[in-house]
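Heads up, the thing below is written out as structure tokens.
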Amino acid sequence: MSQATTAVQKEQHSEHHQELSFLYKYILPLDHKIIGMQYIFTGLIMAVIGGYFAYAFRMQLAFPGEIVPLYGLVGPGEYNMLVTNHGTIMIFWVAMPVLIAGFGNYIIPLMIGCDDMVFPRLNRLSYQIFLASALVLILSFFVKGGGFGGAWTAYPPLSSVAEYSLTDWGSSLWLLAVALEFVSFLLGGINFITTTMNSRAPGMKMMDIPIAVWFIVIAVILFMASVGPLIAGAVMLFMDQRIGTSFFLPSGGGDPLLWQHLFWFFGHPEVYVVLLPTMGIVADIITVFARKKLFGYRTVLYTAFATGGLSFVVWAHHQFIAGIDPRMANVFVVTTVLISIPLAEMMFCYIATLYGGSIQFTTPMLWGLGFLAAFLIGGVTGIYLGASAIDVYFHDSYFVIAHFHYTFFPITIIGMFAALTYWFPKMFGRMMNETLGKIHFWGTFIPFNCLFLPLFLLGLAGQNRRVYNFLNYPDLARQELHDLRVFATMSLVVMLLFQFVFIYNFFVSMFFGKKAPNNPWEANSLEWSIPSPPPHGNFKTLPSVYRGPYEYSVPGRESDYWPQNEPPKK
Amino acid sequence: MSMQGPIATHRQATGIPTGRLAVWWLLASEIFIFGGLVLCFVLFKLNGTPGFEDASLTSVAAGAINTFVLLTSSLTVVLAHAAIEEGNVEKSFKYIWYTVGFGFVFLGIKTYEYTGKIIHGHIITENLFWSFYYTMTGLHALHVIGGMIIMAIISFDIKKGYNFQRVELIGIYWHFVDLVWIFLFPLLYIANF
Amino acid sequence: MSETHGHPNYIKIWYWLLFLLIISTVGPMLEIPIVTLITAFGIAIVKSYMVAANFMHLKFEKKIIWLLLLMSICLLGVFFFGVGSDVMMTEGDQWIDCIEDKSCVEQRL
């Protein structure tokens, strides 16, 4: 995997620093930019696997029992494995590495104006552990019994007893992979936080840090604070699986509900862990292309703090039907609905930023706006699910799936494309083709809505999730419901086909695109003040910072942007 | 200390050296890992789960001696830090190896305890108390072993004359391992009611 | 680094820690649960404060580290009370032994 990654990067960087051998430059790099790209490319390859899984099981749902082209027959056990690993891969091996580790690595040192992460070797180690975790996960698909099929939440006893899950080693390797991935992000996260706290360019005060960096760091702190109990829980579950303890088995005095708490105490902050980086990246993109100062920098920041704090007290809304105390459910309904307030406020700040701006509809801007629009639907439907009275009926229905994908698809996929198209000129020194980029945007965004809107309807009609073949259930086999399923699947296929436009655009632009100037978008932040791609060591002379990152269209200036490192006139 | 690595490593916008800041963040994440495990144990214990009366079978003497060993090792590692601040590499090297030695004593007593328990049939799968006992002390022992290995590496580094600041960093980590034991000791050995 | 401050007397702290260790070991011998609770956990907290403040030099550390550690502990409190209020509710768990008797099951649900 890393060979494929590095082969791509080789072309782009061969003109710099011939003194490092190929091995140390691309296989075992210390440079944060290369490590960031390793994460991004590994994440993209995992995204292809996750998308392929989605294709296979959606085809099974639309045409049950038929041979899926390019896959073969999907059996019931295999269906569970596909669903489980689609979820796991997309969250842990696509959203987190690309948005946090990948872009975090790439942009944090550039945006705060230093030459590298504070611990380059720790950074490399965290990527290597991450790569190992991805390989262990892929290995788990091929062991006897197949990959783990107990859903990405891995509720025991299904996940902890081999006789129930029927995937003896599949479950253990899956758990091991997830645990390794956590370790990798803990190490990487310490590096991110320390870098941002300690290594900012002289003059860069707390309120001069670009929102993208702020949000990645907040996300990492949320991750660190929430994942600890789950790491302990993963150790306990692993021992249940392999040694035969009964931490989560009622037969031995254990408590299966405890795992749900451990998981969701992590699982809900995790939503904000992946949301915040995209929110931050989009904040940077919309200010650049609206040519306007970010509306309410401090408000946006404080709403992120509020979201982060509240995210630790909402987890039980995933468990309303797990048998928790109804009095406790009331508390969690209040906190869950409360958390939509800071997020709504953040959203309004973004919309206010757009208001009255001179908006340029470039490809990154389209992705940024697409994110805001799609995430709004995801967020609003979340309020329905947060109310326990409604959730009791909607729980485990396709309404939840549709809601979830209306939040995570914008975050992961749209956010990833926004960031990739925005920083592509900086990363590879060439511009992407705008026409192809726009075709790709509309070809992804329209099918995305066609794919998930019908799922809301199916959920309202009572369609449960994790069912292999709906035609076996008379009330769900009705023609009008099945038509919606087929329509959703066809939209998915169309969307996947449009991704080839992106792949073509990406690789052709990487090698033959128009040469990118230092600052193609006329943006303020520090990474645009250096050549594209940045040389080893980033800055020829380390910059000083004189102002915040969002000084666009300042009255009385000739140009409508004002780089952070431009000294003020005497 | 020599100027190696990127310039970023040597900046101090917070006024705290980069390494120490990172160690504190590491410990914050460790608090959650150990805290999660310990709190699960406490929940089961408060719930009156059958088997938790076995806490009376653990040897208070062995636990107390181990606490003494770890407290003393904390003292030696902080003395190693004090010595390196005075620039006395030899003394610091000596104290680091005292600490490693106490680590071995700790692990030896732990092994003795484990052996005794297993001979009496209290294996990890017997009931939830023993599951927690072996998981918590095992995870703690892994941290002890990790600390000892890192300490050995650092001791030779300072002999060669670099990375002096790391004596303090490993010290902070080692004190944290000590702190975890200070809480495990009453939980697993003393509180048997 | 820490040249700016004097050292605490490490040996003295160590003596105090040993003294507290002896109390926490002797405490349970009175066989009064409340005393055991205080000598075991109260003293563990005092000991850990002494180690953290003196040996880990938290006394001389910037406020932000205190904030970080306190936040971690507070969050663990949130975790404990959130999870505890559910996991500690055991009604409805124990109906397996009376599965034959319908009224018994309904009573315990």
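Letters A, B, ... mark the chains of the structure tokens in the order given; residue numbers begin at 1 per chain; ligand numbers begin at 1, in order shown.
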Wanna dump the chain A-chain B contacts at 7 Å for me, each residue with its shortest atom pair and the distance in Å to one decimal, counting only C-alpha atoms, ordered by chain and number, as a Markdown table?
```
| residue | atom | partner | partner_atom | distance |
| --- | --- | --- | --- | --- |
| A:Cys114 | CA | B:Ala8 | CA | 5.6 |
| A:Asp115 | CA | B:Ala8 | CA | 6.1 |
| A:Asp116 | CA | B:Ala8 | CA | 6.0 |
| A:Met117 | CA | B:Ala8 | CA | 6.4 |
| A:Val118 | CA | B:Thr9 | CA | 4.3 |
| A:Phe119 | CA | B:Thr9 | CA | 6.8 |
| A:Ile190 | CA | B:Ala22 | CA | 6.1 |
| A:Thr194 | CA | B:Ala22 | CA | 5.9 |
| A:Met197 | CA | B:Thr14 | CA | 6.4 |
| A:Asn198 | CA | B:Ala13 | CA | 4.4 |
| A:Ser199 | CA | B:Arg11 | CA | 5.0 |
| A:Arg200 | CA | B:Ala13 | CA | 6.7 |
| A:Met224 | CA | B:Ser29 | CA | 5.8 |
| A:Ala225 | CA | B:Ser29 | CA | 6.4 |
| A:Gly228 | CA | B:Ile33 | CA | 4.0 |
| A:Pro229 | CA | B:Gly36 | CA | 4.1 |
| A:Ile231 | CA | B:Ile33 | CA | 6.2 |
| A:Ala232 | CA | B:Leu37 | CA | 5.5 |
| A:Gly244 | CA | B:Thr125 | CA | 6.2 |
| A:Thr245 | CA | B:Thr125 | CA | 4.8 |
| A:Ser246 | CA | B:Leu128 | CA | 6.8 |
| A:Phe247 | CA | B:Leu128 | CA | 6.6 |
| A:Gly252 | CA | B:Asn127 | CA | 6.9 |
| A:Gly253 | CA | B:Thr49 | CA | 6.5 |
```
For N, CA and C atoms, I'd like the residues from the last selection saved as a PDB file, in the first residue's frame.
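Output file part.pdb is given in full below:
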```
ATOM      1  N   CYS A 114       5.848  26.491  11.141  1.00  0.00           N
ATOM      2  CA  CYS A 114       7.095  25.899  11.611  1.00  0.00           C
ATOM      3  C   CYS A 114       7.531  24.826  10.630  1.00  0.00           C
ATOM      4  N   ASP A 115       8.697  24.245  10.870  1.00  0.00           N
ATOM      5  CA  ASP A 115       9.287  23.427   9.816  1.00  0.00           C
ATOM      6  C   ASP A 115       8.824  21.986   9.829  1.00  0.00           C
ATOM      7  N   ASP A 116       8.281  21.514  10.937  1.00  0.00           N
ATOM      8  CA  ASP A 116       7.851  20.118  10.981  1.00  0.00           C
ATOM      9  C   ASP A 116       7.010  19.931  12.236  1.00  0.00           C
ATOM     10  N   MET A 117       6.524  18.708  12.414  1.00  0.00           N
ATOM     11  CA  MET A 117       5.896  18.371  13.691  1.00  0.00           C
ATOM     12  C   MET A 117       6.975  18.380  14.773  1.00  0.00           C
ATOM     13  N   VAL A 118       6.562  18.491  16.030  1.00  0.00           N
ATOM     14  CA  VAL A 118       7.592  18.535  17.065  1.00  0.00           C
ATOM     15  C   VAL A 118       8.275  17.185  17.252  1.00  0.00           C
ATOM     16  N   PHE A 119       7.564  16.097  16.983  1.00  0.00           N
ATOM     17  CA  PHE A 119       8.180  14.769  17.124  1.00  0.00           C
ATOM     18  C   PHE A 119       8.077  14.012  15.803  1.00  0.00           C
ATOM     19  N   ILE A 190      -1.092  13.354  20.323  1.00  0.00           N
ATOM     20  CA  ILE A 190      -0.198  14.051  21.250  1.00  0.00           C
ATOM     21  C   ILE A 190       0.720  14.981  20.463  1.00  0.00           C
ATOM     22  N   THR A 194       0.748  19.045  20.912  1.00  0.00           N
ATOM     23  CA  THR A 194       1.977  19.681  21.361  1.00  0.00           C
ATOM     24  C   THR A 194       2.510  20.652  20.315  1.00  0.00           C
ATOM     25  N   MET A 197       0.367  23.757  20.411  1.00  0.00           N
ATOM     26  CA  MET A 197       0.522  24.548  21.632  1.00  0.00           C
ATOM     27  C   MET A 197       1.864  25.250  21.688  1.00  0.00           C
ATOM     28  N   ASN A 198       2.905  24.573  21.222  1.00  0.00           N
ATOM     29  CA  ASN A 198       4.246  25.066  21.512  1.00  0.00           C
ATOM     30  C   ASN A 198       4.970  25.689  20.331  1.00  0.00           C
ATOM     31  N   SER A 199       4.630  25.329  19.112  1.00  0.00           N
ATOM     32  CA  SER A 199       5.519  25.665  17.990  1.00  0.00           C
ATOM     33  C   SER A 199       4.917  26.660  17.029  1.00  0.00           C
ATOM     34  N   ARG A 200       4.018  27.495  17.508  1.00  0.00           N
ATOM     35  CA  ARG A 200       3.446  28.484  16.598  1.00  0.00           C
ATOM     36  C   ARG A 200       4.498  29.541  16.248  1.00  0.00           C
ATOM     37  N   MET A 224      -8.802  11.907  22.419  1.00  0.00           N
ATOM     38  CA  MET A 224      -7.965  11.407  23.519  1.00  0.00           C
ATOM     39  C   MET A 224      -8.777  11.193  24.775  1.00  0.00           C
ATOM     40  N   ALA A 225      -9.700  12.130  25.036  1.00  0.00           N
ATOM     41  CA  ALA A 225     -10.434  12.053  26.292  1.00  0.00           C
ATOM     42  C   ALA A 225     -11.499  10.975  26.260  1.00  0.00           C
ATOM     43  N   GLY A 228     -10.051   6.528  25.959  1.00  0.00           N
ATOM     44  CA  GLY A 228      -9.405   5.755  27.014  1.00  0.00           C
ATOM     45  C   GLY A 228     -10.259   4.621  27.566  1.00  0.00           C
ATOM     46  N   PRO A 229     -11.498   4.937  28.058  1.00  0.00           N
ATOM     47  CA  PRO A 229     -12.324   3.846  28.566  1.00  0.00           C
ATOM     48  C   PRO A 229     -12.579   2.756  27.523  1.00  0.00           C
ATOM     49  N   ILE A 231     -10.474   1.841  25.171  1.00  0.00           N
ATOM     50  CA  ILE A 231      -9.268   1.015  25.059  1.00  0.00           C
ATOM     51  C   ILE A 231      -9.282  -0.025  26.169  1.00  0.00           C
ATOM     52  N   ALA A 232      -9.620   0.437  27.394  1.00  0.00           N
ATOM     53  CA  ALA A 232      -9.765  -0.527  28.489  1.00  0.00           C
ATOM     54  C   ALA A 232     -10.830  -1.557  28.142  1.00  0.00           C
ATOM     55  N   GLY A 244     -11.384 -16.207  27.699  1.00  0.00           N
ATOM     56  CA  GLY A 244     -12.565 -16.812  28.279  1.00  0.00           C
ATOM     57  C   GLY A 244     -13.012 -16.153  29.566  1.00  0.00           C
ATOM     58  N   THR A 245     -12.600 -14.926  29.823  1.00  0.00           N
ATOM     59  CA  THR A 245     -13.152 -14.188  30.957  1.00  0.00           C
ATOM     60  C   THR A 245     -14.593 -13.809  30.620  1.00  0.00           C
ATOM     61  N   SER A 246     -15.289 -13.197  31.573  1.00  0.00           N
ATOM     62  CA  SER A 246     -16.682 -12.854  31.268  1.00  0.00           C
ATOM     63  C   SER A 246     -17.008 -11.445  31.727  1.00  0.00           C
ATOM     64  N   PHE A 247     -16.180 -10.497  31.299  1.00  0.00           N
ATOM     65  CA  PHE A 247     -16.445  -9.102  31.657  1.00  0.00           C
ATOM     66  C   PHE A 247     -17.804  -8.657  31.136  1.00  0.00           C
ATOM     67  N   GLY A 252     -21.390 -15.121  33.414  1.00  0.00           N
ATOM     68  CA  GLY A 252     -20.282 -15.135  34.367  1.00  0.00           C
ATOM     69  C   GLY A 252     -20.311 -13.941  35.305  1.00  0.00           C
ATOM     70  N   GLY A 253     -21.435 -13.236  35.382  1.00  0.00           N
ATOM     71  CA  GLY A 253     -21.527 -12.094  36.275  1.00  0.00           C
ATOM     72  C   GLY A 253     -21.219 -10.769  35.604  1.00  0.00           C
TER      73      GLY A 253
END
```
Subject >> Exercise answer, chain A residues close to chain C, 9 Å and only C-alpha atoms, as a PyMOL selection string >> reply: chain A and resi 225-226+229+255+257-258+261-262+265+312-313+316+323-325+328
**OP:** Find the residues near region 10-17 of chain C: any atom within 12 Å, counting only C-alpha atoms, skip ones fewer than 3 places away on the same chain, and give them as a ChimeraX atom specification.
**Re:** /B:67-82,178-179,182 /C:6-7,20-24,43-57
Shell of 9 Å around region 427-435 of chain A, only C-alpha atoms, local chain residues under 4 positions omitted, as a CSV table (one decimal) with N, CA and C atoms, in the first residue's frame:
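And here's result32.csv as it stands now:
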```
chain,number,residue,atom,x,y,z
A,9,GLN,N,4.0,9.8,-5.0
A,9,GLN,CA,4.6,11.0,-4.5
A,9,GLN,C,6.0,11.3,-5.1
A,12,GLN,N,6.3,13.8,-7.8
A,12,GLN,CA,6.1,15.2,-7.4
A,12,GLN,C,7.2,15.8,-6.6
A,13,HIS,N,8.0,15.0,-6.0
A,13,HIS,CA,9.0,15.6,-5.1
A,13,HIS,C,10.4,15.3,-5.5
A,33,LYS,N,4.9,16.4,5.6
A,33,LYS,CA,4.1,16.5,4.4
A,33,LYS,C,4.0,15.1,3.8
A,37,MET,N,0.7,12.7,3.4
A,37,MET,CA,0.2,12.1,2.2
A,37,MET,C,0.1,10.6,2.3
A,106,TYR,N,-0.5,17.4,7.3
A,106,TYR,CA,0.0,18.3,6.2
A,106,TYR,C,-0.1,19.7,6.5
A,362,THR,N,-15.7,28.1,-7.2
A,362,THR,CA,-14.7,27.1,-7.6
A,362,THR,C,-15.1,25.7,-7.1
A,363,THR,N,-14.3,24.7,-7.5
A,363,THR,CA,-14.6,23.3,-7.1
A,363,THR,C,-14.6,23.2,-5.5
A,420,LEU,N,-9.2,18.1,-0.4
A,420,LEU,CA,-8.2,17.7,-1.4
A,420,LEU,C,-8.2,18.7,-2.6
A,421,THR,N,-9.4,19.2,-3.0
A,421,THR,CA,-9.3,20.1,-4.1
A,421,THR,C,-8.8,21.4,-3.7
A,423,TRP,N,-6.4,22.0,-1.3
A,423,TRP,CA,-4.9,22.0,-1.0
A,423,TRP,C,-4.2,21.3,-2.1
A,439,ILE,N,-18.0,18.6,-12.7
A,439,ILE,CA,-18.7,17.5,-13.1
A,439,ILE,C,-18.8,16.4,-12.0
A,440,HIS,N,-17.6,16.3,-11.4
A,440,HIS,CA,-17.5,15.3,-10.3
A,440,HIS,C,-18.3,15.7,-9.2
A,505,ASN,N,-9.1,12.9,-13.0
A,505,ASN,CA,-8.7,14.3,-12.8
A,505,ASN,C,-7.5,14.4,-11.9
A,506,PHE,N,-7.6,13.6,-10.8
A,506,PHE,CA,-6.6,13.6,-9.8
A,506,PHE,C,-5.2,13.3,-10.4
A,508,VAL,N,-4.2,12.8,-13.6
A,508,VAL,CA,-3.8,13.5,-14.8
A,508,VAL,C,-3.3,14.9,-14.4
A,509,SER,N,-4.1,15.6,-13.4
A,509,SER,CA,-3.7,16.9,-13.0
A,509,SER,C,-2.4,16.9,-12.2
A,510,MET,N,-2.2,15.8,-11.5
A,510,MET,CA,-1.0,15.6,-10.7
A,510,MET,C,0.3,15.7,-11.6
A,511,PHE,N,0.2,15.1,-12.8
A,511,PHE,CA,1.3,15.0,-13.7
A,511,PHE,C,1.3,16.1,-14.8
A,512,PHE,N,0.1,16.4,-15.3
A,512,PHE,CA,0.1,17.3,-16.5
A,512,PHE,C,-0.7,18.5,-16.3
A,513,GLY,N,-1.1,18.8,-15.0
A,513,GLY,CA,-2.0,20.0,-14.8
A,513,GLY,C,-1.2,21.3,-15.0
A,514,LYS,N,-1.9,22.4,-15.0
A,514,LYS,CA,-1.3,23.7,-15.1
A,514,LYS,C,-0.4,23.9,-13.9
A,515,LYS,N,0.8,24.4,-14.0
A,515,LYS,CA,1.7,24.7,-12.9
A,515,LYS,C,0.9,25.7,-11.9
A,516,ALA,N,1.0,25.4,-10.6
A,516,ALA,CA,0.3,26.2,-9.7
A,516,ALA,C,1.3,27.3,-9.1
A,517,PRO,N,0.8,28.5,-9.0
A,517,PRO,CA,1.6,29.6,-8.4
A,517,PRO,C,1.6,29.3,-6.9
A,518,ASN,N,2.3,30.2,-6.1
A,518,ASN,CA,2.4,30.0,-4.7
A,518,ASN,C,1.0,30.1,-4.1
A,520,PRO,N,-2.6,30.3,-5.4
A,520,PRO,CA,-3.6,30.3,-6.5
A,520,PRO,C,-4.9,30.8,-6.0
A,531,PRO,N,6.5,28.2,-1.8
A,531,PRO,CA,6.3,27.5,-3.1
A,531,PRO,C,5.4,26.3,-3.0
A,532,SER,N,4.8,26.0,-4.2
A,532,SER,CA,3.9,24.8,-4.2
A,532,SER,C,4.7,23.8,-5.1
A,533,PRO,N,4.9,22.5,-4.7
A,533,PRO,CA,4.8,22.0,-3.3
A,533,PRO,C,5.9,22.6,-2.4
A,534,PRO,N,5.7,22.7,-1.1
A,534,PRO,CA,6.7,23.2,-0.2
A,534,PRO,C,7.9,22.4,-0.2
```
